[in-house]
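structure.pdb follows (PDB, C-alpha atoms, pLDDT in the B column):
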MODEL        1
ATOM      1  CA  MET A  25     -39.789 215.370 192.040  1.00 79.00           C
ATOM      2  CA  ASP A  26     -38.215 218.781 191.510  1.00 79.00           C
ATOM      3  CA  SER A  27     -35.189 217.095 189.955  1.00 75.00           C
ATOM      4  CA  TYR A  28     -37.409 214.907 187.792  1.00 74.00           C
ATOM      5  CA  THR A  29     -39.543 217.697 186.341  1.00 79.00           C
ATOM      6  CA  THR A  30     -36.548 219.985 185.816  1.00 77.00           C
ATOM      7  CA  ALA A  31     -34.675 217.272 183.913  1.00 73.00           C
ATOM      8  CA  LEU A  32     -37.643 216.790 181.581  1.00 71.00           C
ATOM      9  CA  LYS A  33     -38.626 220.414 181.028  1.00 73.00           C
ATOM     10  CA  ASN A  34     -38.984 221.692 177.460  1.00 73.00           C
ATOM     11  CA  GLN A  35     -39.694 218.180 176.207  1.00 73.00           C
ATOM     12  CA  PRO A  36     -42.478 217.582 173.629  1.00 74.00           C
ATOM     13  CA  PHE A  37     -44.721 215.497 175.886  1.00 80.00           C
ATOM     14  CA  GLN A  38     -47.023 215.757 178.870  1.00 88.00           C
ATOM     15  CA  LEU A  39     -45.623 214.836 182.246  1.00 90.00           C
ATOM     16  CA  TYR A  40     -47.745 212.771 184.651  1.00 94.00           C
ATOM     17  CA  TYR A  41     -47.561 212.134 188.369  1.00 95.00           C
ATOM     18  CA  ILE A  42     -49.432 209.027 189.599  1.00 97.00           C
ATOM     19  CA  ASP A  43     -49.773 208.143 193.275  1.00 96.00           C
ATOM     20  CA  ALA A  44     -51.205 204.642 193.581  1.00 95.00           C
ATOM     21  CA  PHE A  45     -51.791 204.677 197.354  1.00 93.00           C
ATOM     22  CA  ALA A  46     -52.179 208.400 197.895  1.00 93.00           C
ATOM     23  CA  GLY A  47     -53.759 208.265 201.348  1.00 91.00           C
ATOM     24  CA  SER A  48     -55.073 211.636 202.492  1.00 88.00           C
ATOM     25  CA  GLY A  49     -52.177 213.628 201.068  1.00 84.00           C
ATOM     26  CA  LYS A  50     -50.668 214.072 204.522  1.00 79.00           C
ATOM     27  CA  ILE A  51     -48.752 211.842 206.925  1.00 80.00           C
ATOM     28  CA  THR A  52     -49.585 211.676 210.615  1.00 73.00           C
ATOM     29  CA  THR A  53     -46.601 211.469 212.971  1.00 71.00           C
ATOM     30  CA  ARG A  54     -46.437 211.273 216.748  1.00 62.00           C
ATOM     31  CA  ASP A  55     -44.430 213.854 218.685  1.00 63.00           C
ATOM     32  CA  VAL A  56     -43.617 212.075 221.943  1.00 55.00           C
ATOM     33  CA  ASP A  57     -42.295 215.219 223.650  1.00 63.00           C
ATOM     34  CA  LYS A  58     -45.461 217.176 222.905  1.00 65.00           C
ATOM     35  CA  ASP A  59     -47.724 214.130 223.362  1.00 61.00           C
ATOM     36  CA  ALA A  60     -49.584 215.112 220.207  1.00 61.00           C
ATOM     37  CA  ASN A  61     -49.992 214.178 216.573  1.00 70.00           C
ATOM     38  CA  GLU A  62     -48.312 216.268 213.903  1.00 75.00           C
ATOM     39  CA  PHE A  63     -48.989 216.363 210.190  1.00 77.00           C
ATOM     40  CA  VAL A  64     -46.424 216.544 207.404  1.00 83.00           C
ATOM     41  CA  SER A  65     -46.928 216.672 203.674  1.00 86.00           C
ATOM     42  CA  GLY A  66     -47.258 213.310 201.977  1.00 87.00           C
ATOM     43  CA  SER A  67     -46.088 212.527 198.453  1.00 90.00           C
ATOM     44  CA  ALA A  68     -49.357 213.686 196.825  1.00 92.00           C
ATOM     45  CA  GLU A  69     -49.254 217.087 198.482  1.00 92.00           C
ATOM     46  CA  ARG A  70     -45.561 217.492 197.686  1.00 91.00           C
ATOM     47  CA  ALA A  71     -46.187 216.657 194.023  1.00 92.00           C
ATOM     48  CA  VAL A  72     -48.891 219.320 193.803  1.00 93.00           C
ATOM     49  CA  ARG A  73     -46.476 221.867 195.258  1.00 90.00           C
ATOM     50  CA  VAL A  74     -43.871 221.371 192.529  1.00 88.00           C
ATOM     51  CA  ARG A  75     -44.165 224.774 190.862  1.00 80.00           C
ATOM     52  CA  ASP A  76     -40.925 225.516 189.021  1.00 78.00           C
ATOM     53  CA  THR A  77     -41.644 222.936 186.324  1.00 83.00           C
ATOM     54  CA  PRO A  78     -44.951 221.418 187.451  1.00 88.00           C
ATOM     55  CA  PHE A  79     -46.473 218.137 186.393  1.00 91.00           C
ATOM     56  CA  ASP A  80     -49.019 218.583 183.611  1.00 92.00           C
ATOM     57  CA  ARG A  81     -51.417 216.140 185.212  1.00 95.00           C
ATOM     58  CA  LEU A  82     -51.647 214.442 188.606  1.00 96.00           C
ATOM     59  CA  ILE A  83     -53.645 211.257 189.267  1.00 97.00           C
ATOM     60  CA  LEU A  84     -54.217 210.404 192.946  1.00 97.00           C
ATOM     61  CA  ILE A  85     -55.656 206.946 193.684  1.00 97.00           C
ATOM     62  CA  ASP A  86     -57.012 205.540 196.921  1.00 96.00           C
ATOM     63  CA  SER A  87     -59.740 203.066 197.849  1.00 95.00           C
ATOM     64  CA  ASP A  88     -60.712 204.800 201.121  1.00 95.00           C
ATOM     65  CA  PRO A  89     -63.616 207.294 200.665  1.00 96.00           C
ATOM     66  CA  LYS A  90     -62.354 209.425 203.580  1.00 95.00           C
ATOM     67  CA  HIS A  91     -58.912 209.696 202.026  1.00 95.00           C
ATOM     68  CA  CYS A  92     -60.435 210.607 198.681  1.00 96.00           C
ATOM     69  CA  ALA A  93     -62.547 213.328 200.306  1.00 96.00           C
ATOM     70  CA  ARG A  94     -59.358 214.932 201.644  1.00 95.00           C
ATOM     71  CA  LEU A  95     -57.649 214.521 198.281  1.00 96.00           C
ATOM     72  CA  ASN A  96     -60.607 216.294 196.664  1.00 96.00           C
ATOM     73  CA  THR A  97     -60.023 219.169 199.076  1.00 96.00           C
ATOM     74  CA  LEU A  98     -56.377 219.250 197.964  1.00 95.00           C
ATOM     75  CA  ARG A  99     -57.594 219.391 194.361  1.00 96.00           C
ATOM     76  CA  ASP A 100     -60.091 222.167 195.098  1.00 97.00           C
ATOM     77  CA  ASP A 101     -57.429 224.192 196.907  1.00 95.00           C
ATOM     78  CA  ASN A 102     -55.265 224.092 193.781  1.00 95.00           C
ATOM     79  CA  PRO A 103     -57.616 225.008 190.892  1.00 95.00           C
ATOM     80  CA  ASP A 104     -54.676 225.849 188.640  1.00 93.00           C
ATOM     81  CA  ARG A 105     -53.503 222.221 188.652  1.00 94.00           C
ATOM     82  CA  ASP A 106     -54.945 219.342 186.612  1.00 96.00           C
ATOM     83  CA  ILE A 107     -55.653 216.878 189.452  1.00 97.00           C
ATOM     84  CA  THR A 108     -57.793 213.759 189.150  1.00 97.00           C
ATOM     85  CA  VAL A 109     -58.824 211.893 192.301  1.00 97.00           C
ATOM     86  CA  VAL A 110     -59.721 208.241 191.705  1.00 97.00           C
ATOM     87  CA  GLU A 111     -61.554 206.220 194.338  1.00 97.00           C
ATOM     88  CA  ALA A 112     -60.710 202.682 193.270  1.00 96.00           C
ATOM     89  CA  ASP A 113     -58.605 199.615 193.882  1.00 96.00           C
ATOM     90  CA  SER A 114     -55.162 200.670 192.673  1.00 96.00           C
ATOM     91  CA  ASN A 115     -54.349 197.339 191.012  1.00 96.00           C
ATOM     92  CA  GLU A 116     -57.565 197.309 188.999  1.00 96.00           C
ATOM     93  CA  PHE A 117     -57.169 200.930 187.924  1.00 97.00           C
ATOM     94  CA  LEU A 118     -53.500 200.657 186.977  1.00 97.00           C
ATOM     95  CA  ARG A 119     -53.932 197.439 184.985  1.00 96.00           C
ATOM     96  CA  ARG A 120     -56.334 199.376 182.730  1.00 96.00           C
ATOM     97  CA  LEU A 121     -54.044 202.397 182.483  1.00 95.00           C
ATOM     98  CA  SER A 122     -52.790 203.561 179.110  1.00 93.00           C
ATOM     99  CA  MET A 123     -50.971 206.736 178.160  1.00 89.00           C
ATOM    100  CA  PRO A 124     -52.892 209.151 175.895  1.00 83.00           C
ATOM    101  CA  SER A 125     -49.822 209.644 173.716  1.00 83.00           C
ATOM    102  CA  ARG A 126     -46.885 207.343 173.085  1.00 81.00           C
ATOM    103  CA  ASN A 127     -44.615 210.282 173.888  1.00 82.00           C
ATOM    104  CA  ASP A 128     -46.110 211.017 177.322  1.00 89.00           C
ATOM    105  CA  ARG A 129     -43.971 210.353 180.371  1.00 90.00           C
ATOM    106  CA  GLY A 130     -44.513 210.260 184.094  1.00 92.00           C
ATOM    107  CA  VAL A 131     -43.491 209.065 187.525  1.00 94.00           C
ATOM    108  CA  ILE A 132     -45.506 206.626 189.637  1.00 96.00           C
ATOM    109  CA  PHE A 133     -45.265 205.850 193.353  1.00 95.00           C
ATOM    110  CA  LEU A 134     -46.269 202.341 194.423  1.00 95.00           C
ATOM    111  CA  ASP A 135     -46.063 202.591 198.197  1.00 91.00           C
ATOM    112  CA  PRO A 136     -48.477 200.103 199.773  1.00 90.00           C
ATOM    113  CA  PHE A 137     -48.870 199.523 203.509  1.00 88.00           C
ATOM    114  CA  ALA A 138     -48.280 195.792 203.031  1.00 92.00           C
ATOM    115  CA  THR A 139     -48.721 193.305 200.161  1.00 94.00           C
ATOM    116  CA  GLN A 140     -51.396 195.189 198.187  1.00 95.00           C
ATOM    117  CA  VAL A 141     -49.365 195.516 194.966  1.00 97.00           C
ATOM    118  CA  ASP A 142     -49.934 192.636 192.525  1.00 97.00           C
ATOM    119  CA  TRP A 143     -47.111 191.577 190.239  1.00 97.00           C
ATOM    120  CA  SER A 144     -49.463 191.897 187.262  1.00 97.00           C
ATOM    121  CA  THR A 145     -49.704 195.622 188.062  1.00 97.00           C
ATOM    122  CA  VAL A 146     -45.922 196.026 188.170  1.00 97.00           C
ATOM    123  CA  LYS A 147     -45.574 194.126 184.883  1.00 97.00           C
ATOM    124  CA  HIS A 148     -48.167 196.333 183.183  1.00 97.00           C
ATOM    125  CA  ILE A 149     -46.335 199.467 184.287  1.00 97.00           C
ATOM    126  CA  GLY A 150     -43.147 198.056 182.799  1.00 96.00           C
ATOM    127  CA  ASP A 151     -44.893 197.280 179.529  1.00 96.00           C
ATOM    128  CA  LEU A 152     -46.093 200.907 179.204  1.00 95.00           C
ATOM    129  CA  ASN A 153     -42.483 202.076 178.689  1.00 95.00           C
ATOM    130  CA  ALA A 154     -43.511 205.488 179.990  1.00 94.00           C
ATOM    131  CA  LEU A 155     -43.579 205.656 183.802  1.00 95.00           C
ATOM    132  CA  ASP A 156     -40.546 205.894 186.056  1.00 95.00           C
ATOM    133  CA  MET A 157     -41.503 203.766 189.038  1.00 97.00           C
ATOM    134  CA  TRP A 158     -40.622 204.083 192.716  1.00 96.00           C
ATOM    135  CA  LEU A 159     -41.706 200.857 194.384  1.00 97.00           C
ATOM    136  CA  LEU A 160     -41.797 200.012 198.080  1.00 96.00           C
ATOM    137  CA  PHE A 161     -41.474 196.252 198.450  1.00 97.00           C
ATOM    138  CA  PRO A 162     -43.020 195.170 201.807  1.00 96.00           C
ATOM    139  CA  THR A 163     -40.048 193.237 203.172  1.00 96.00           C
ATOM    140  CA  MET A 164     -41.346 192.675 206.696  1.00 95.00           C
ATOM    141  CA  ALA A 165     -44.864 191.718 205.609  1.00 95.00           C
ATOM    142  CA  VAL A 166     -43.513 189.152 203.135  1.00 95.00           C
ATOM    143  CA  THR A 167     -41.029 187.808 205.688  1.00 93.00           C
ATOM    144  CA  ARG A 168     -43.883 187.118 208.104  1.00 93.00           C
ATOM    145  CA  MET A 169     -45.692 185.153 205.406  1.00 92.00           C
ATOM    146  CA  LEU A 170     -42.665 182.968 204.677  1.00 90.00           C
ATOM    147  CA  THR A 171     -42.843 180.509 207.539  1.00 84.00           C
ATOM    148  CA  ARG A 172     -39.492 178.973 208.428  1.00 81.00           C
ATOM    149  CA  LYS A 173     -40.386 175.374 209.194  1.00 80.00           C
ATOM    150  CA  ARG A 174     -42.708 174.619 206.307  1.00 84.00           C
ATOM    151  CA  MET A 175     -43.398 176.021 202.850  1.00 89.00           C
ATOM    152  CA  PRO A 176     -46.567 178.173 202.958  1.00 91.00           C
ATOM    153  CA  GLU A 177     -49.740 176.632 201.601  1.00 92.00           C
ATOM    154  CA  GLY A 178     -53.277 177.746 200.836  1.00 94.00           C
ATOM    155  CA  SER A 179     -54.060 181.465 201.025  1.00 95.00           C
ATOM    156  CA  LEU A 180     -50.508 182.354 202.113  1.00 94.00           C
ATOM    157  CA  ALA A 181     -49.050 180.641 199.052  1.00 95.00           C
ATOM    158  CA  GLU A 182     -51.609 182.351 196.821  1.00 96.00           C
ATOM    159  CA  SER A 183     -50.725 185.768 198.244  1.00 96.00           C
ATOM    160  CA  LEU A 184     -47.003 185.212 197.738  1.00 96.00           C
ATOM    161  CA  THR A 185     -47.581 184.086 194.152  1.00 97.00           C
ATOM    162  CA  ARG A 186     -49.695 187.208 193.561  1.00 97.00           C
ATOM    163  CA  VAL A 187     -46.896 189.455 194.872  1.00 97.00           C
ATOM    164  CA  TYR A 188     -44.080 187.670 193.001  1.00 97.00           C
ATOM    165  CA  GLY A 189     -46.096 186.871 189.893  1.00 97.00           C
ATOM    166  CA  ASP A 190     -45.073 183.220 189.888  1.00 96.00           C
ATOM    167  CA  GLN A 191     -43.826 180.551 192.282  1.00 95.00           C
ATOM    168  CA  SER A 192     -40.230 181.796 192.298  1.00 95.00           C
ATOM    169  CA  TRP A 193     -40.573 182.512 196.036  1.00 93.00           C
ATOM    170  CA  GLN A 194     -40.499 178.745 196.555  1.00 92.00           C
ATOM    171  CA  ASP A 195     -36.781 178.836 195.714  1.00 90.00           C
ATOM    172  CA  LEU A 196     -36.315 180.056 199.279  1.00 89.00           C
ATOM    173  CA  TYR A 197     -37.124 176.517 200.395  1.00 86.00           C
ATOM    174  CA  ARG A 198     -35.015 174.559 197.935  1.00 71.00           C
ATOM    175  CA  GLY A 199     -32.911 171.945 199.659  1.00 60.00           C
ATOM    176  CA  PRO A 200     -32.956 168.355 200.820  1.00 51.00           C
ATOM    177  CA  ALA A 201     -35.915 167.146 202.813  1.00 50.00           C
ATOM    178  CA  GLN A 202     -35.125 166.572 206.460  1.00 50.00           C
ATOM    179  CA  PRO A 203     -35.666 163.127 208.082  1.00 50.00           C
ATOM    180  CA  SER A 204     -37.917 163.136 211.122  1.00 49.00           C
ATOM    181  CA  LEU A 205     -37.514 161.120 214.281  1.00 49.00           C
ATOM    182  CA  PHE A 206     -39.892 158.550 212.816  1.00 49.00           C
ATOM    183  CA  GLY A 207     -37.927 158.001 209.612  1.00 50.00           C
ATOM    184  CA  CYS A 208     -40.213 159.866 207.190  1.00 52.00           C
ATOM    185  CA  GLU A 209     -39.097 162.941 205.302  1.00 51.00           C
ATOM    186  CA  GLN A 210     -40.230 166.425 206.270  1.00 54.00           C
ATOM    187  CA  ALA A 211     -40.628 169.326 203.854  1.00 53.00           C
ATOM    188  CA  PRO A 212     -37.455 171.424 203.501  1.00 55.00           C
ATOM    189  CA  GLU A 213     -37.161 174.428 205.772  1.00 56.00           C
ATOM    190  CA  ARG A 214     -36.606 177.936 204.465  1.00 59.00           C
ATOM    191  CA  GLN A 215     -32.967 178.134 203.452  1.00 62.00           C
ATOM    192  CA  ARG A 216     -32.616 181.841 202.692  1.00 67.00           C
ATOM    193  CA  GLY A 217     -33.505 184.922 204.717  1.00 80.00           C
ATOM    194  CA  VAL A 218     -34.371 188.523 203.896  1.00 88.00           C
ATOM    195  CA  GLU A 219     -31.612 188.943 201.317  1.00 90.00           C
ATOM    196  CA  GLY A 220     -32.866 185.830 199.541  1.00 91.00           C
ATOM    197  CA  LEU A 221     -36.462 186.992 199.212  1.00 93.00           C
ATOM    198  CA  LEU A 222     -35.300 190.443 198.040  1.00 95.00           C
ATOM    199  CA  GLU A 223     -32.952 188.919 195.478  1.00 95.00           C
ATOM    200  CA  ILE A 224     -35.752 186.835 193.996  1.00 95.00           C
ATOM    201  CA  TYR A 225     -37.979 189.919 193.712  1.00 97.00           C
ATOM    202  CA  ARG A 226     -35.103 191.893 192.199  1.00 97.00           C
ATOM    203  CA  GLN A 227     -34.752 189.178 189.561  1.00 96.00           C
ATOM    204  CA  ARG A 228     -38.473 189.460 188.838  1.00 97.00           C
ATOM    205  CA  LEU A 229     -38.109 193.222 188.348  1.00 97.00           C
ATOM    206  CA  GLU A 230     -35.179 192.637 186.031  1.00 97.00           C
ATOM    207  CA  SER A 231     -37.298 190.236 183.977  1.00 96.00           C
ATOM    208  CA  ALA A 232     -39.881 193.009 183.478  1.00 96.00           C
ATOM    209  CA  PHE A 233     -37.657 196.092 183.187  1.00 97.00           C
ATOM    210  CA  GLY A 234     -34.262 194.761 182.090  1.00 96.00           C
ATOM    211  CA  GLU A 235     -31.541 197.402 182.258  1.00 97.00           C
ATOM    212  CA  ARG A 236     -34.160 199.951 183.298  1.00 97.00           C
ATOM    213  CA  LEU A 237     -33.967 198.544 186.855  1.00 97.00           C
ATOM    214  CA  LEU A 238     -31.571 200.575 188.986  1.00 96.00           C
ATOM    215  CA  GLY A 239     -28.992 198.154 190.366  1.00 92.00           C
ATOM    216  CA  ASN A 240     -29.005 199.410 193.927  1.00 92.00           C
ATOM    217  CA  SER A 241     -32.021 199.663 196.213  1.00 95.00           C
ATOM    218  CA  ARG A 242     -32.467 200.996 199.725  1.00 94.00           C
ATOM    219  CA  PRO A 243     -33.836 199.364 202.889  1.00 94.00           C
ATOM    220  CA  LEU A 244     -36.222 201.430 205.008  1.00 93.00           C
ATOM    221  CA  ARG A 245     -36.080 200.402 208.661  1.00 92.00           C
ATOM    222  CA  ASN A 246     -38.163 200.933 211.761  1.00 90.00           C
ATOM    223  CA  SER A 247     -36.794 202.374 215.023  1.00 88.00           C
ATOM    224  CA  ASN A 248     -35.565 198.915 216.051  1.00 90.00           C
ATOM    225  CA  GLY A 249     -33.593 198.400 212.853  1.00 90.00           C
ATOM    226  CA  GLY A 250     -36.073 195.964 211.313  1.00 89.00           C
ATOM    227  CA  ARG A 251     -36.370 196.106 207.530  1.00 92.00           C
ATOM    228  CA  LEU A 252     -39.884 197.312 206.808  1.00 94.00           C
ATOM    229  CA  PHE A 253     -39.526 197.960 203.075  1.00 96.00           C
ATOM    230  CA  GLU A 254     -37.044 197.933 200.225  1.00 96.00           C
ATOM    231  CA  LEU A 255     -37.180 200.939 197.906  1.00 96.00           C
ATOM    232  CA  PHE A 256     -36.651 200.052 194.228  1.00 97.00           C
ATOM    233  CA  PHE A 257     -36.475 202.301 191.178  1.00 97.00           C
ATOM    234  CA  CYS A 258     -37.134 201.464 187.521  1.00 97.00           C
ATOM    235  CA  THR A 259     -36.990 203.788 184.523  1.00 96.00           C
ATOM    236  CA  GLY A 260     -40.008 203.954 182.249  1.00 94.00           C
ATOM    237  CA  SER A 261     -38.476 204.869 178.904  1.00 92.00           C
ATOM    238  CA  PRO A 262     -36.295 202.213 177.263  1.00 93.00           C
ATOM    239  CA  SER A 263     -34.026 204.796 175.610  1.00 92.00           C
ATOM    240  CA  VAL A 264     -30.437 204.714 176.865  1.00 93.00           C
ATOM    241  CA  PRO A 265     -30.182 208.498 177.507  1.00 90.00           C
ATOM    242  CA  ALA A 266     -33.399 208.408 179.552  1.00 88.00           C
ATOM    243  CA  ILE A 267     -32.152 205.436 181.588  1.00 92.00           C
ATOM    244  CA  ARG A 268     -28.844 207.126 182.358  1.00 92.00           C
ATOM    245  CA  ARG A 269     -30.486 210.426 183.301  1.00 89.00           C
ATOM    246  CA  SER A 270     -33.111 208.903 185.581  1.00 91.00           C
ATOM    247  CA  HIS A 271     -30.652 206.477 187.175  1.00 94.00           C
ATOM    248  CA  ASP A 272     -28.333 209.374 188.003  1.00 91.00           C
ATOM    249  CA  ILE A 273     -31.161 211.218 189.754  1.00 89.00           C
ATOM    250  CA  ALA A 274     -32.592 208.160 191.521  1.00 92.00           C
ATOM    251  CA  GLY A 275     -29.186 206.825 192.564  1.00 91.00           C
ATOM    252  CA  HIS A 276     -28.302 210.195 194.097  1.00 89.00           C
ATOM    253  CA  LEU A 277     -31.573 210.297 196.030  1.00 86.00           C
ATOM    254  CA  LEU A 278     -31.219 206.743 197.330  1.00 87.00           C
ATOM    255  CA  ASN A 279     -27.779 207.578 198.674  1.00 85.00           C
ATOM    256  CA  LYS A 280     -29.259 210.533 200.558  1.00 78.00           C
ATOM    257  CA  ILE A 281     -31.916 208.545 202.418  1.00 71.00           C
TER     258      ILE A 281
ENDMDL
END
Could you rewrite the structure in this file as C-alpha cells?
Amino acid sequence: MDSYTTALKNQPFQLYYIDAFAGSGKITTRDVDKDANEFVSGSAERAVRVRDTPFDRLILIDSDPKHCARLNTLRDDNPDRDITVVEADSNEFLRRLSMPSRNDRGVIFLDPFATQVDWSTVKHIGDLNALDMWLLFPTMAVTRMLTRKRMPEGSLAESLTRVYGDQSWQDLYRGPAQPSLFGCEQAPERQRGVEGLLEIYRQRLESAFGERLLGNSRPLRNSNGGRLFELFFCTGSPSVPAIRRSHDIAGHLLNKI
C-alpha cells in the first residue's frame, strides 16, 4: 500500500482504499509457545496507517455488527482520516458502487473466508476501470465443492456458477462417460485437479480484465502445504502506463510472499 500510494502521489484524482471483508481490522493468531492469542494489524488497520502519501478515503465493509463496532473504533481513533464503515453484504454494496469522478482511482481487497465473492461483483469492479484489485480465490473451498465421482448438482452447482459467473467450471468434467458394471453409462468423473479449476477462473478474469490481469498469481498454503487460496491481481485503469506500473509493483510483491 505504501508503494501504491507513493506511485500515484501528485496525481489529479482522489485515491480510495476499499476493504470488502474488513473483519475487525486486526487478525488473531495463536502463539503455541505462550499458549495465548496474539493480535496483529489486518489490512484495514495497515491502510489507515499509511501516512507518507495517505489514501484520501477509506471504505471498510463487513456484515458482522461486532466487526463493524471495532472498525468504528478504528475510525474514531483516527479523526484525521476520511473513513467510512459500512455494515452490509459486500456483494450487494459493491455491485452498486460507482466512483464520484471518472478520474478517481483506488485499490480494493476481496479476501473472503470462503466462496462469498460473486462473479457479478468481480465483473462490476472490472467495468469501473478504476480499482486495482487484489483477489483471494478460495481454492480449497471450491475444491471441496467439486466432487470427483459426479458433477455437482443442486445448490452446489448453483454456488459454483455464482463464483465462476457461468457454467465454465463444468469443463473440469469433460470426457467420455464411463460404462458401469451393468452396461449403462455413468456421468464423467472430474478430469482436472486444482490447476484446472484455477485455470478456468483465470480465463474468467481475463475475459473481464483483459491485459489488466497480472499473468502470475500466488498460492497461499496452510501449514500442511494445502492450497487454501490463490492470490490474483488486476489493474483498474485500462491505460498502458498504469498497467505497467501496477504490474511492476504487484509482481514484485507476489514474488516476496
Notebook entry, point to check: If we count all atoms listed in the file, what is near Asp26 of chain A at a cut-off of 8 Å, once residues fewer than 2 positions away on the same chain are taken out, given as a count of residues only?
Noted result: 6
Notebook entry, point to check: When distances are computed from only C-alpha atoms, which of A:Pro136, A:Ile42, A:Ser67, A:Leu196 shows the smallest separation from Ile107 of chain A?
Noted result: A:Ile42
Notebook entry, point to check: atom CA of Arg105 of chain A to atom CA of Asp272 of chain A: how many Å, to one decimal?
Noted result: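 Answer for the atom CA of Arg105 of chain A to atom CA of Asp272 of chain A separation: 28.3 Å.
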With 12 Å as the cut-off and only C-alpha atoms counted, what is the closest atom pair between each nearby residue of segment 35-145 of chain A and segment 176-187 of chain A? Distances in Å to one decimal, ordered by chain and number, as a Markdown table.
| residue | atom | partner | partner_atom | distance |
| --- | --- | --- | --- | --- |
| A:Asn115 | CA | A:Arg186 | CA | 11.4 |
| A:Pro136 | CA | A:Val187 | CA | 11.8 |
| A:Ala138 | CA | A:Val187 | CA | 10.4 |
| A:Thr139 | CA | A:Val187 | CA | 6.8 |
| A:Gln140 | CA | A:Val187 | CA | 8.0 |
| A:Val141 | CA | A:Val187 | CA | 6.5 |
| A:Asp142 | CA | A:Val187 | CA | 5.0 |
| A:Trp143 | CA | A:Val187 | CA | 5.1 |
| A:Ser144 | CA | A:Arg186 | CA | 7.9 |
| A:Thr145 | CA | A:Val187 | CA | 9.6 |
Next item on the list: Tell me which of A:Leu82, A:Leu277, A:Tyr197, A:Val64 sits closest to Lys173 of chain A, counting only C-alpha atoms.
Entry: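 Checking each of A:Leu82, A:Leu277, A:Tyr197, A:Val64 against Lys173 of chain A, counting only C-alpha atoms, the winner is A:Tyr197.
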Note to self: If the PyMOL selection byres ((chain A and resi 231) around 12) were run on this exact file, what residues would it hold? Put them as a list in words.
What the structure shows: Trp143, Val146, Lys147, Gly150, Asp151, Tyr188, Gly189, Ile224, Tyr225, Arg226, Gln227, Arg228, Leu229, Glu230, Ala232, Phe233, Gly234, Glu235, Arg236, Leu237 and Cys258 of chain A
Please produce an output containing C-alpha atoms for each residue in the selection, written as a PDB file, keeping the file's coordinate frame.
ATOM      1  CA  TRP A 143     -47.111 191.577 190.239  1.00 97.00           C
ATOM      2  CA  VAL A 146     -45.922 196.026 188.170  1.00 97.00           C
ATOM      3  CA  LYS A 147     -45.574 194.126 184.883  1.00 97.00           C
ATOM      4  CA  GLY A 150     -43.147 198.056 182.799  1.00 96.00           C
ATOM      5  CA  ASP A 151     -44.893 197.280 179.529  1.00 96.00           C
ATOM      6  CA  TYR A 188     -44.080 187.670 193.001  1.00 97.00           C
ATOM      7  CA  GLY A 189     -46.096 186.871 189.893  1.00 97.00           C
ATOM      8  CA  ILE A 224     -35.752 186.835 193.996  1.00 95.00           C
ATOM      9  CA  TYR A 225     -37.979 189.919 193.712  1.00 97.00           C
ATOM     10  CA  ARG A 226     -35.103 191.893 192.199  1.00 97.00           C
ATOM     11  CA  GLN A 227     -34.752 189.178 189.561  1.00 96.00           C
ATOM     12  CA  ARG A 228     -38.473 189.460 188.838  1.00 97.00           C
ATOM     13  CA  LEU A 229     -38.109 193.222 188.348  1.00 97.00           C
ATOM     14  CA  GLU A 230     -35.179 192.637 186.031  1.00 97.00           C
ATOM     15  CA  ALA A 232     -39.881 193.009 183.478  1.00 96.00           C
ATOM     16  CA  PHE A 233     -37.657 196.092 183.187  1.00 97.00           C
ATOM     17  CA  GLY A 234     -34.262 194.761 182.090  1.00 96.00           C
ATOM     18  CA  GLU A 235     -31.541 197.402 182.258  1.00 97.00           C
ATOM     19  CA  ARG A 236     -34.160 199.951 183.298  1.00 97.00           C
ATOM     20  CA  LEU A 237     -33.967 198.544 186.855  1.00 97.00           C
ATOM     21  CA  CYS A 258     -37.134 201.464 187.521  1.00 97.00           C
TER      22      CYS A 258
END
Next item on the list: Compare A:Gly260, A:Gly130, A:Gly239, A:Gly275 by their minimum atom-to-atom distance to Ala71 of chain A, counting all atoms listed in the file, and give me the closest one.
Entry: A:Gly130
Notebook entry, point to check: Which one is closest to Gly249 of chain A: A:Met175, A:Leu118, A:Met164, A:Met123? Count only C-alpha atoms.
Noted result: A:Met164
Note to self: Here is a test: counting all atoms listed in the file, which residue of A:Leu238, A:Ala68, A:Leu98, A:Leu244 is nearest to His276 of chain A?
What the structure shows: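 Nearest candidate to His276 of chain A out of A:Leu238, A:Ala68, A:Leu98, A:Leu244: A:Leu238.
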Checklist line | Result set of the PyMOL selection byres ((chain A and resi 80) around 6) on the coordinates above, as a list of chain:residue names | finding: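 Here the PyMOL selection byres ((chain A and resi 80) around 6) matches A:Gln38, A:Leu39, A:Phe79, A:Arg81.
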Notebook entry, point to check: So how many Å separate atom CA of Glu62 of chain A and atom CA of Arg94 of chain A, to one decimal?
Noted result: 16.6 Å
Next item on the list: Kindly indicate which residue among A:Ile149, A:Ala154, A:Val110, A:Ala93 lies nearest to Pro124 of chain A, using all atoms listed in the file for the distances.
Entry: A:Ala154
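With atom CA of Leu95 of chain A on one side and atom CA of Asp156 of chain A on the other, the separation reads 22.7 Å.
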Note to self: If the PyMOL selection byres ((chain A and resi 158) around 6) were run on this exact file, what residues would it hold? Put them as a list in words.
What the structure shows: Phe133, Met157, Leu159, Phe256 and Phe257 of chain A
Note to self: When you look at Leu255 of chain A with a cut-off of 7 Å (counting only C-alpha atoms), what residues show up, excluding the ones that are within fewer than 6 positions of it in the same chain? I need them as a ChimeraX atom specification.
What the structure shows: /A:158-161,241-243
Next item on the list: List every protein, DNA or RNA residue with an atom no more than 7 Å from (-61.9, 212.1, 192.9) in the file's coordinates, counting only C-alpha atoms, and format the result as a VMD selection string.
Entry: chain A and resid 92 96 108 to 111
Box centre and edge lengths (Å, one decimal), axis-aligned, segment 144-158 of chain A plus 5 Å each side, as JSON:
{"center_x": -45.1, "center_y": 198.9, "center_z": 185.7, "size_x": 19.2, "size_y": 24.0, "size_z": 24.0}
